[in-house]
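**Q** If you scroll down you'll find the structure; I have some questions about it.
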Amino acid sequence: MVAIAVVAAVIASLVAVLIRWLPESASEEMDRITFVFWFATIISIGIFALVAAVIIEAVWAFRVQPDDDTDGPPIHGNTKLEIAWTIVPAILVISIGVVSAIVLSKNANAGSDPLEVKVFAQQFAWKFEYPGKVQTEELVMPLHRSVKFEMQSADVIHSLWIPQMGQKQDVVPGITTKIVITPTRTGNFTLICTELCGLGHATMRAPVRVLDQAAFKRWLDDQRAAGAGAATGGGAAAGGSSGGQSGGGAAAAGDAALGKTTFASAGCGGCHTFKPAGTDAQVGPDLDNLVADAKKAGEPEDQYIEQSIVDPEAVIVSGYQPGVMPTTFGKTLSPAELSGLVAFLSGKEAN
Ligand code: CUA
């Protein structure tokens, strides 16, 4: 029986060790989660070896003999054995519970100087806001500093998960949920939505970058400077920078430049193909066909585009279903962002 147990334990251990079940850790929280994983796995391997050995031994040693029709001996319990198989699993399960509780509490602790980042989730995009109202579509985190996320959803339940960082938390409309991540290595990762949230769920991802603290500070300062420039002058400032870059037309180009950033920040590319934005998703209509679609709807192009953003149910392009595109953009986009989007989508952009 001991031999069988040893063989079972070796096989189970090989399966546990040889297959890479978890991604390489990139956060303190993931290190702790990995510890819980191995703590429970090692206990499970021990139990598996014991159970496998007893079953195989019992099946083999007590198998029925040919022509043996007699009943087995009457047995009534075994008090010592029953006490053992009650107490030992109880201790093991409680120890897993205690270890998990300690890790959960440590993983929820952001320490004394966390970076606070607000997360806005919507079908089907992520947006992040750093102190000083810096909004980005990319999540950038400083190395070895705890980042405390405060998360809100504009529509349905989403869930934030960066596989290498372990932590996972639902984003629920109506409440603010929190999670802490402390990166332990620099590099590029992917934030993935892990709650089935609609047709574009699989496309709801965001790039994640971990920078060392000096590089992070430079990045944040750059973002603040860029944000301040755009905010003070509104469309005019954006137009100035884009005009300089492209040499394009005046007022319309300014709007379109804002529209281009809005296209990214509002997550339009999560569902729509639009060549000028370099997106190729196919959940919603191809926005390169807007001129034709407006004609079919019998409306001027600009009016058609604005209506389709604010009230997406008004005209459903054939081949697509109603009820997929969020109807909240009329509220969440500013008038400047909306008119910018219309300009960008109608091609009034110098590129
Ligand atoms: Cu958001 Cu799935």
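FYI, nothing fancy with the structure tokens labels: chains A, B, ... in order, residues from 1 per chain, ligands from 1 as they appear.
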Using only C-alpha atoms, which residues sit within 12 Å of Ile42 in chain A once same-chain residues fewer than 3 positions away are excluded, as a PyMOL selection string?

**A** chain A and resi 9-10+12-17+35-39+45-49+92+96

**Q** Determine, counting only C-alpha atoms, which protein, DNA and RNA residues have an atom within 7 Å of an atom of Glu24 in chain A; residues of the same chain fewer than 2 positions away are not included. Present the result as a PyMOL selection string.

**A** chain A and resi 22+26+164

**Q** Could you list, as a list in words, all residues that come within 10 Å of ligand 1? Count only C-alpha atoms and all ligand atoms.

**A** Ala121, Gln122, Gln123, Phe124, Ala125, Trp126, Ser153, Asp155, Val156, Ile157, His158, Ser159, Leu160, Asp170, Val171, Ile192, Cys193, Thr194, Glu195, Leu196, Cys197, Gly198, Leu199, Gly200, His201, Ala202, Thr203, Met204 and Arg205 of chain A

**Q** If you count only C-alpha atoms, which residues fall within 12 Å of range 275-290 of chain A, apart from same-chain ones fewer than 6 positions away, as a count of residues only?

**A** 57

**Q** Pick out each residue of range 74-209 of chain A that DSSP on the backbone tags as strand (DSSP E); I need them as a ChimeraX atom specification.

**A** /A:115-122,125-130,134-136,139-142,147-153,158-161,168-171,177-181,187-193,205-209

**Q** Between CA of Gly340 in chain A and CA of Glu313 in chain A, measure the distance and give it in Å to one decimal.

**A**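 Taking CA of Gly340 in chain A and CA of Glu313 in chain A, their separation equals 21.2 Å.
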
**Q** For CA of Leu338 in chain A and CA of Trp219 in chain A, quote the distance in Å rounded to one decimal.

**A** 27.7 Å

**Q** Excluding Ser100 in chain A and residues on its chain fewer than 2 positions from it, collect all residues at most 10 Å away from it, counting only C-alpha atoms, and give them as an MDAnalysis selection string.

**A** chainID A and resid 32:33 35:37 39:40 94:98 102:106

**Q** Can you pull out the residues contacting Ser112 in chain A? Cut-off 12 Å, using only C-alpha atoms, and skip same-chain residues under 5 positions away; I want them as a VMD selection string.

**A** chain A and resid 145 to 148

**Q** From a DSSP pass on the backbone, collect the residues of range 44-102 of chain A flagged as alpha helix (DSSP H) and hand them back as an MDAnalysis selection string.

**A** chainID A and resid 44:61 79:102

**Q** If we count only C-alpha atoms, what is near Gln152 in chain A at a cut-off of 7 Å, once residues fewer than 4 positions away on the same chain are taken out, given as a list of chain:residue names?

**A**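 Near Gln152 in chain A, the qualifying residues are A:Val119, A:Phe120, A:Ala121, A:Val171, A:Val172, A:Pro173, A:Ile175, A:Thr176, A:Thr177.
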
**Q** Export all heavy atoms of the chosen residues as a PDB file, in the first residue's frame?

**A**
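Output file result00.pdb is given in full below:
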```pdb
ATOM      1  N   VAL A 119     -10.734  53.485 -11.921  1.00  0.00           N
ATOM      2  CA  VAL A 119     -10.962  52.657 -13.108  1.00  0.00           C
ATOM      3  C   VAL A 119     -12.423  52.803 -13.525  1.00  0.00           C
ATOM      4  O   VAL A 119     -13.319  52.669 -12.693  1.00  0.00           O
ATOM      5  CB  VAL A 119     -10.661  51.169 -12.806  1.00  0.00           C
ATOM      6  CG1 VAL A 119     -10.953  50.310 -14.023  1.00  0.00           C
ATOM      7  CG2 VAL A 119      -9.217  50.996 -12.355  1.00  0.00           C
ATOM      8  N   PHE A 120     -12.612  53.130 -14.807  1.00  0.00           N
ATOM      9  CA  PHE A 120     -13.968  53.213 -15.334  1.00  0.00           C
ATOM     10  C   PHE A 120     -14.138  52.127 -16.389  1.00  0.00           C
ATOM     11  O   PHE A 120     -13.411  52.103 -17.376  1.00  0.00           O
ATOM     12  CB  PHE A 120     -14.232  54.590 -15.948  1.00  0.00           C
ATOM     13  CG  PHE A 120     -14.032  55.721 -14.968  1.00  0.00           C
ATOM     14  CD1 PHE A 120     -12.854  56.449 -14.949  1.00  0.00           C
ATOM     15  CD2 PHE A 120     -15.018  56.020 -14.033  1.00  0.00           C
ATOM     16  CE1 PHE A 120     -12.649  57.470 -14.030  1.00  0.00           C
ATOM     17  CE2 PHE A 120     -14.828  57.040 -13.114  1.00  0.00           C
ATOM     18  CZ  PHE A 120     -13.645  57.771 -13.113  1.00  0.00           C
ATOM     19  N   ALA A 121     -15.096  51.244 -16.150  1.00  0.00           N
ATOM     20  CA  ALA A 121     -15.350  50.164 -17.097  1.00  0.00           C
ATOM     21  C   ALA A 121     -16.683  50.411 -17.779  1.00  0.00           C
ATOM     22  O   ALA A 121     -17.627  50.914 -17.171  1.00  0.00           O
ATOM     23  CB  ALA A 121     -15.387  48.824 -16.369  1.00  0.00           C
ATOM     24  N   VAL A 171     -16.271  44.676 -11.290  1.00  0.00           N
ATOM     25  CA  VAL A 171     -16.620  46.092 -11.332  1.00  0.00           C
ATOM     26  C   VAL A 171     -18.131  46.132 -11.508  1.00  0.00           C
ATOM     27  O   VAL A 171     -18.650  45.683 -12.517  1.00  0.00           O
ATOM     28  CB  VAL A 171     -15.933  46.799 -12.514  1.00  0.00           C
ATOM     29  CG1 VAL A 171     -16.112  48.298 -12.394  1.00  0.00           C
ATOM     30  CG2 VAL A 171     -14.459  46.435 -12.566  1.00  0.00           C
ATOM     31  N   VAL A 172     -18.822  46.642 -10.494  1.00  0.00           N
ATOM     32  CA  VAL A 172     -20.269  46.489 -10.427  1.00  0.00           C
ATOM     33  C   VAL A 172     -20.953  47.846 -10.517  1.00  0.00           C
ATOM     34  O   VAL A 172     -20.581  48.756  -9.773  1.00  0.00           O
ATOM     35  CB  VAL A 172     -20.658  45.790  -9.106  1.00  0.00           C
ATOM     36  CG1 VAL A 172     -22.163  45.554  -9.050  1.00  0.00           C
ATOM     37  CG2 VAL A 172     -19.898  44.488  -8.938  1.00  0.00           C
ATOM     38  N   PRO A 173     -21.932  47.993 -11.426  1.00  0.00           N
ATOM     39  CA  PRO A 173     -22.603  49.288 -11.521  1.00  0.00           C
ATOM     40  C   PRO A 173     -23.271  49.656 -10.204  1.00  0.00           C
ATOM     41  O   PRO A 173     -23.855  48.803  -9.541  1.00  0.00           O
ATOM     42  CB  PRO A 173     -23.647  49.078 -12.624  1.00  0.00           C
ATOM     43  CG  PRO A 173     -23.731  47.611 -12.845  1.00  0.00           C
ATOM     44  CD  PRO A 173     -22.444  47.016 -12.398  1.00  0.00           C
ATOM     45  N   ILE A 175     -21.872  50.572  -7.361  1.00  0.00           N
ATOM     46  CA  ILE A 175     -20.986  50.598  -6.200  1.00  0.00           C
ATOM     47  C   ILE A 175     -19.542  50.767  -6.671  1.00  0.00           C
ATOM     48  O   ILE A 175     -19.234  50.553  -7.835  1.00  0.00           O
ATOM     49  CB  ILE A 175     -21.094  49.333  -5.326  1.00  0.00           C
ATOM     50  CG1 ILE A 175     -20.691  48.091  -6.123  1.00  0.00           C
ATOM     51  CG2 ILE A 175     -22.481  49.166  -4.758  1.00  0.00           C
ATOM     52  CD1 ILE A 175     -20.633  46.842  -5.268  1.00  0.00           C
ATOM     53  N   THR A 176     -18.679  51.172  -5.745  1.00  0.00           N
ATOM     54  CA  THR A 176     -17.261  51.301  -6.056  1.00  0.00           C
ATOM     55  C   THR A 176     -16.535  50.125  -5.422  1.00  0.00           C
ATOM     56  O   THR A 176     -16.589  49.949  -4.211  1.00  0.00           O
ATOM     57  CB  THR A 176     -16.709  52.620  -5.494  1.00  0.00           C
ATOM     58  OG1 THR A 176     -17.442  53.703  -6.087  1.00  0.00           O
ATOM     59  CG2 THR A 176     -15.236  52.780  -5.827  1.00  0.00           C
ATOM     60  N   THR A 177     -15.908  49.312  -6.245  1.00  0.00           N
ATOM     61  CA  THR A 177     -15.142  48.198  -5.701  1.00  0.00           C
ATOM     62  C   THR A 177     -13.659  48.548  -5.721  1.00  0.00           C
ATOM     63  O   THR A 177     -13.227  49.404  -6.485  1.00  0.00           O
ATOM     64  CB  THR A 177     -15.388  46.905  -6.490  1.00  0.00           C
ATOM     65  OG1 THR A 177     -15.158  47.154  -7.876  1.00  0.00           O
ATOM     66  CG2 THR A 177     -16.813  46.422  -6.311  1.00  0.00           C
TER      67      THR A 177
END
```

**Q** Interatomic distance between CA of Pro23 in chain A and CA of Leu191 in chain A?

**A**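 Result for CA of Pro23 in chain A versus CA of Leu191 in chain A: 13.8 Å, one decimal.
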
**Q** Rank nothing, just name the residue among A:Leu18, A:Ile43, A:Ala214, A:Val117 nearest to Val134 in chain A, using only C-alpha atoms.

**A**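 Nearest to Val134 in chain A: A:Val117.
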